[in-house]
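Have a look at structure-v1.pdb below; it lists PDB, C-alpha atoms, pLDDT in the B column.
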```pdb
ATOM      1  CA  MET K   1      -9.515  74.353 -21.628  1.00 85.00           C
ATOM      2  CA  GLU K   2     -12.279  71.908 -22.423  1.00 80.00           C
ATOM      3  CA  ASN K   3     -10.263  70.736 -25.366  1.00 81.00           C
ATOM      4  CA  GLU K   4      -7.229  70.089 -23.122  1.00 82.00           C
ATOM      5  CA  ARG K   5      -9.331  68.172 -20.655  1.00 76.00           C
ATOM      6  CA  LEU K   6     -10.815  66.017 -23.404  1.00 78.00           C
ATOM      7  CA  ARG K   7      -7.354  65.424 -24.866  1.00 78.00           C
ATOM      8  CA  PHE K   8      -6.090  64.450 -21.396  1.00 75.00           C
ATOM      9  CA  ASP K   9      -9.049  62.076 -20.894  1.00 75.00           C
ATOM     10  CA  LEU K  10      -8.474  60.640 -24.350  1.00 74.00           C
ATOM     11  CA  ASP K  11      -4.748  60.056 -23.631  1.00 75.00           C
ATOM     12  CA  LYS K  12      -5.654  58.513 -20.306  1.00 72.00           C
ATOM     13  CA  THR K  13      -8.178  56.212 -21.996  1.00 78.00           C
ATOM     14  CA  GLU K  14      -5.670  55.272 -24.701  1.00 75.00           C
ATOM     15  CA  LYS K  15      -3.000  54.507 -22.118  1.00 73.00           C
ATOM     16  CA  GLY K  16      -5.532  52.423 -20.160  1.00 70.00           C
ATOM     17  CA  LYS K  17      -6.461  50.539 -23.299  1.00 66.00           C
ATOM     18  CA  GLN K  18      -2.782  50.028 -24.124  1.00 71.00           C
ATOM     19  CA  MET K  19      -2.092  48.754 -20.604  1.00 71.00           C
ATOM     20  CA  SER K  20      -5.130  46.485 -20.814  1.00 76.00           C
ATOM     21  CA  ALA K  21      -3.962  45.170 -24.171  1.00 74.00           C
ATOM     22  CA  GLU K  22      -0.421  44.576 -22.850  1.00 80.00           C
ATOM     23  CA  THR K  23      -1.787  42.860 -19.742  1.00 84.00           C
ATOM     24  CA  LEU K  24      -4.064  40.729 -21.909  1.00 83.00           C
ATOM     25  CA  GLU K  25      -1.138  39.789 -24.170  1.00 86.00           C
ATOM     26  CA  GLU K  26       0.943  38.859 -21.134  1.00 89.00           C
ATOM     27  CA  LEU K  27      -1.903  36.725 -19.809  1.00 88.00           C
ATOM     28  CA  LEU K  28      -2.300  35.054 -23.197  1.00 92.00           C
ATOM     29  CA  ALA K  29       1.445  34.365 -23.397  1.00 92.00           C
ATOM     30  CA  LYS K  30       1.426  32.917 -19.880  1.00 93.00           C
ATOM     31  CA  THR K  31      -1.606  30.818 -20.732  1.00 95.00           C
ATOM     32  CA  ARG K  32       0.138  29.516 -23.859  1.00 95.00           C
ATOM     33  CA  ARG K  33       3.230  28.598 -21.843  1.00 96.00           C
ATOM     34  CA  ASP K  34       1.103  26.899 -19.205  1.00 96.00           C
ATOM     35  CA  LEU K  35      -0.785  25.008 -21.917  1.00 97.00           C
ATOM     36  CA  GLU K  36       2.448  23.870 -23.595  1.00 97.00           C
ATOM     37  CA  GLU K  37       3.823  22.746 -20.257  1.00 97.00           C
ATOM     38  CA  GLN K  38       0.596  20.883 -19.488  1.00 97.00           C
ATOM     39  CA  ILE K  39       0.747  19.170 -22.886  1.00 97.00           C
ATOM     40  CA  LYS K  40       4.299  18.030 -22.129  1.00 97.00           C
ATOM     41  CA  VAL K  41       3.246  16.756 -18.704  1.00 97.00           C
ATOM     42  CA  ASP K  42       0.246  14.948 -20.223  1.00 98.00           C
ATOM     43  CA  SER K  43       2.474  13.368 -22.861  1.00 97.00           C
ATOM     44  CA  LYS K  44       4.949  12.215 -20.245  1.00 97.00           C
ATOM     45  CA  LEU K  45       2.137  10.790 -18.104  1.00 98.00           C
ATOM     46  CA  SER K  46       0.675   9.002 -21.135  1.00 98.00           C
ATOM     47  CA  GLN K  47       4.041   7.402 -21.873  1.00 98.00           C
ATOM     48  CA  GLU K  48       4.388   6.403 -18.234  1.00 98.00           C
ATOM     49  CA  LEU K  49       0.891   4.921 -18.287  1.00 98.00           C
ATOM     50  CA  VAL K  50       1.767   2.868 -21.373  1.00 98.00           C
ATOM     51  CA  GLN K  51       4.912   1.594 -19.613  1.00 98.00           C
ATOM     52  CA  LEU K  52       2.970   0.747 -16.451  1.00 98.00           C
ATOM     53  CA  ARG K  53       0.322  -1.123 -18.444  1.00 98.00           C
ATOM     54  CA  LYS K  54       3.037  -3.083 -20.234  1.00 98.00           C
ATOM     55  CA  GLN K  55       4.714  -3.874 -16.921  1.00 98.00           C
ATOM     56  CA  ASN K  56       1.353  -4.897 -15.451  1.00 98.00           C
ATOM     57  CA  ASP K  57       0.719  -7.256 -18.376  1.00 98.00           C
ATOM     58  CA  GLU K  58       4.178  -8.793 -17.936  1.00 98.00           C
ATOM     59  CA  LEU K  59       3.592  -9.243 -14.202  1.00 98.00           C
ATOM     60  CA  LEU K  60       0.207 -10.856 -14.829  1.00 98.00           C
ATOM     61  CA  HIS K  61       1.852 -13.226 -17.300  1.00 98.00           C
ATOM     62  CA  ASP K  62       4.592 -14.059 -14.781  1.00 98.00           C
ATOM     63  CA  LEU K  63       1.956 -14.593 -12.095  1.00 98.00           C
ATOM     64  CA  GLU K  64       0.085 -17.029 -14.337  1.00 98.00           C
ATOM     65  CA  LEU K  65       3.314 -18.947 -15.026  1.00 98.00           C
ATOM     66  CA  GLU K  66       4.029 -19.133 -11.291  1.00 98.00           C
ATOM     67  CA  ARG K  67       0.492 -20.394 -10.627  1.00 98.00           C
ATOM     68  CA  GLN K  68       0.975 -23.121 -13.212  1.00 98.00           C
ATOM     69  CA  LYS K  69       4.304 -24.089 -11.643  1.00 98.00           C
ATOM     70  CA  ARG K  70       2.679 -24.147  -8.205  1.00 98.00           C
ATOM     71  CA  GLU K  71      -0.081 -26.449  -9.474  1.00 98.00           C
ATOM     72  CA  GLN K  72       2.494 -28.737 -11.110  1.00 98.00           C
ATOM     73  CA  ASN K  73       4.534 -28.832  -7.908  1.00 98.00           C
ATOM     74  CA  ALA K  74       1.430 -29.554  -5.854  1.00 98.00           C
ATOM     75  CA  THR K  75       0.558 -32.411  -8.213  1.00 98.00           C
ATOM     76  CA  LEU K  76       4.099 -33.778  -7.985  1.00 98.00           C
ATOM     77  CA  ALA K  77       4.022 -33.466  -4.189  1.00 98.00           C
ATOM     78  CA  ARG K  78       0.791 -35.499  -4.043  1.00 98.00           C
ATOM     79  CA  GLU K  79       2.269 -38.129  -6.365  1.00 98.00           C
ATOM     80  CA  PHE K  80       5.455 -38.326  -4.281  1.00 98.00           C
ATOM     81  CA  GLN K  81       3.383 -38.624  -1.123  1.00 98.00           C
ATOM     82  CA  VAL K  82       1.477 -41.567  -2.610  1.00 98.00           C
ATOM     83  CA  GLN K  83       4.750 -43.182  -3.756  1.00 98.00           C
ATOM     84  CA  ASN K  84       6.238 -42.613  -0.304  1.00 98.00           C
ATOM     85  CA  GLN K  85       3.263 -44.276   1.357  1.00 98.00           C
ATOM     86  CA  GLU K  86       3.490 -47.222  -1.063  1.00 98.00           C
ATOM     87  CA  LEU K  87       7.228 -47.610  -0.446  1.00 97.00           C
ATOM     88  CA  ARG K  88       6.737 -47.485   3.321  1.00 97.00           C
ATOM     89  CA  HIS K  89       3.996 -50.079   3.052  1.00 97.00           C
ATOM     90  CA  ASN K  90       6.242 -52.287   0.868  1.00 97.00           C
ATOM     91  CA  LEU K  91       9.128 -51.829   3.309  1.00 96.00           C
ATOM     92  CA  THR K  92       6.926 -52.846   6.207  1.00 95.00           C
ATOM     93  CA  ASP K  93       5.687 -55.884   4.278  1.00 94.00           C
ATOM     94  CA  ASP K  94       9.265 -56.883   3.386  1.00 94.00           C
ATOM     95  CA  ARG K  95      10.397 -56.589   7.005  1.00 93.00           C
ATOM     96  CA  PHE K  96       7.426 -58.642   8.129  1.00 92.00           C
ATOM     97  CA  ARG K  97       8.202 -61.347   5.519  1.00 91.00           C
ATOM     98  CA  GLN K  98      11.879 -61.365   6.525  1.00 91.00           C
ATOM     99  CA  ALA K  99      10.978 -61.739  10.195  1.00 87.00           C
ATOM    100  CA  ARG K 100       8.553 -64.577   9.394  1.00 87.00           C
ATOM    101  CA  SER K 101      11.157 -66.246   7.204  1.00 86.00           C
ATOM    102  CA  ARG K 102      13.700 -66.134  10.027  1.00 81.00           C
ATOM    103  CA  GLU K 103      11.228 -67.714  12.396  1.00 79.00           C
ATOM    104  CA  GLN K 104      10.499 -70.572  10.010  1.00 77.00           C
ATOM    105  CA  SER K 105      14.126 -71.311   9.082  1.00 70.00           C
ATOM    106  CA  PRO K 106      16.442 -70.328  11.893  1.00 57.00           C
ATOM    107  CA  ARG K 107      20.151 -70.117  11.235  1.00 61.00           C
ATOM    108  CA  TYR K 108      21.092 -72.122  14.285  1.00 57.00           C
ATOM    109  CA  PRO K 109      19.502 -75.387  15.133  1.00 56.00           C
ATOM    110  CA  PRO K 110      17.472 -75.303  18.271  1.00 55.00           C
ATOM    111  CA  ALA K 111      19.516 -75.902  21.375  1.00 57.00           C
ATOM    112  CA  GLN K 112      19.031 -79.246  22.990  1.00 62.00           C
ATOM    113  CA  THR K 113      18.581 -79.259  26.682  1.00 62.00           C
ATOM    114  CA  LEU K 114      20.451 -81.895  28.703  1.00 58.00           C
TER     115      LEU K 114
END
```

As structure tokens, how would this structure be written, given the file I've shared?
Amino acid sequence: MENERLRFDLDKTEKGKQMSAETLEELLAKTRRDLEEQIKVDSKLSQELVQLRKQNDELLHDLELERQKREQNATLAREFQVQNQELRHNLTDDRFRQARSREQSPRYPPAQTL
């Protein structure tokens, strides 16, 4: 009877160990799958990060080009403003000279009063 009880306890212990080993193997397999999935996700994120950095560099380059264009346009605008002011001043001077010229040499002789 003692022998049967010991054999029963031994079988129970062996089954427990077998279940523990199977559970451990399942956990290890799940962990491996999770790790492989995480590696894939990390790889994908790394590739995306590389793409985003490249895009960021391109955008920074484009921004610098646009800043240069803006500065050139601002310079041209100032130059055109100066030219505009000079032309207006010249136009005013020409009109003044024309008006003075008309006063000094009228087209019609002065009317004589009777």

If you take every atom of segment 47-55 of chain K that the file lists and fit an axis-aligned box around them with 6 Å extra on each side, what centre and edge lengths come out in Å to one decimal, as AutoDock Vina command-line options?
```
--center_x 2.6 --center_y 1.8 --center_z -19.2 --size_x 16.6 --size_y 23.3 --size_z 17.4
```

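Atom CA of Ala77 of chain K is positioned 24.0 Å from atom CA of Asp93 of chain K.
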
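In this model, the gap between atom CA of Thr13 of chain K and atom CA of Arg32 of chain K comes to 28.0 Å.
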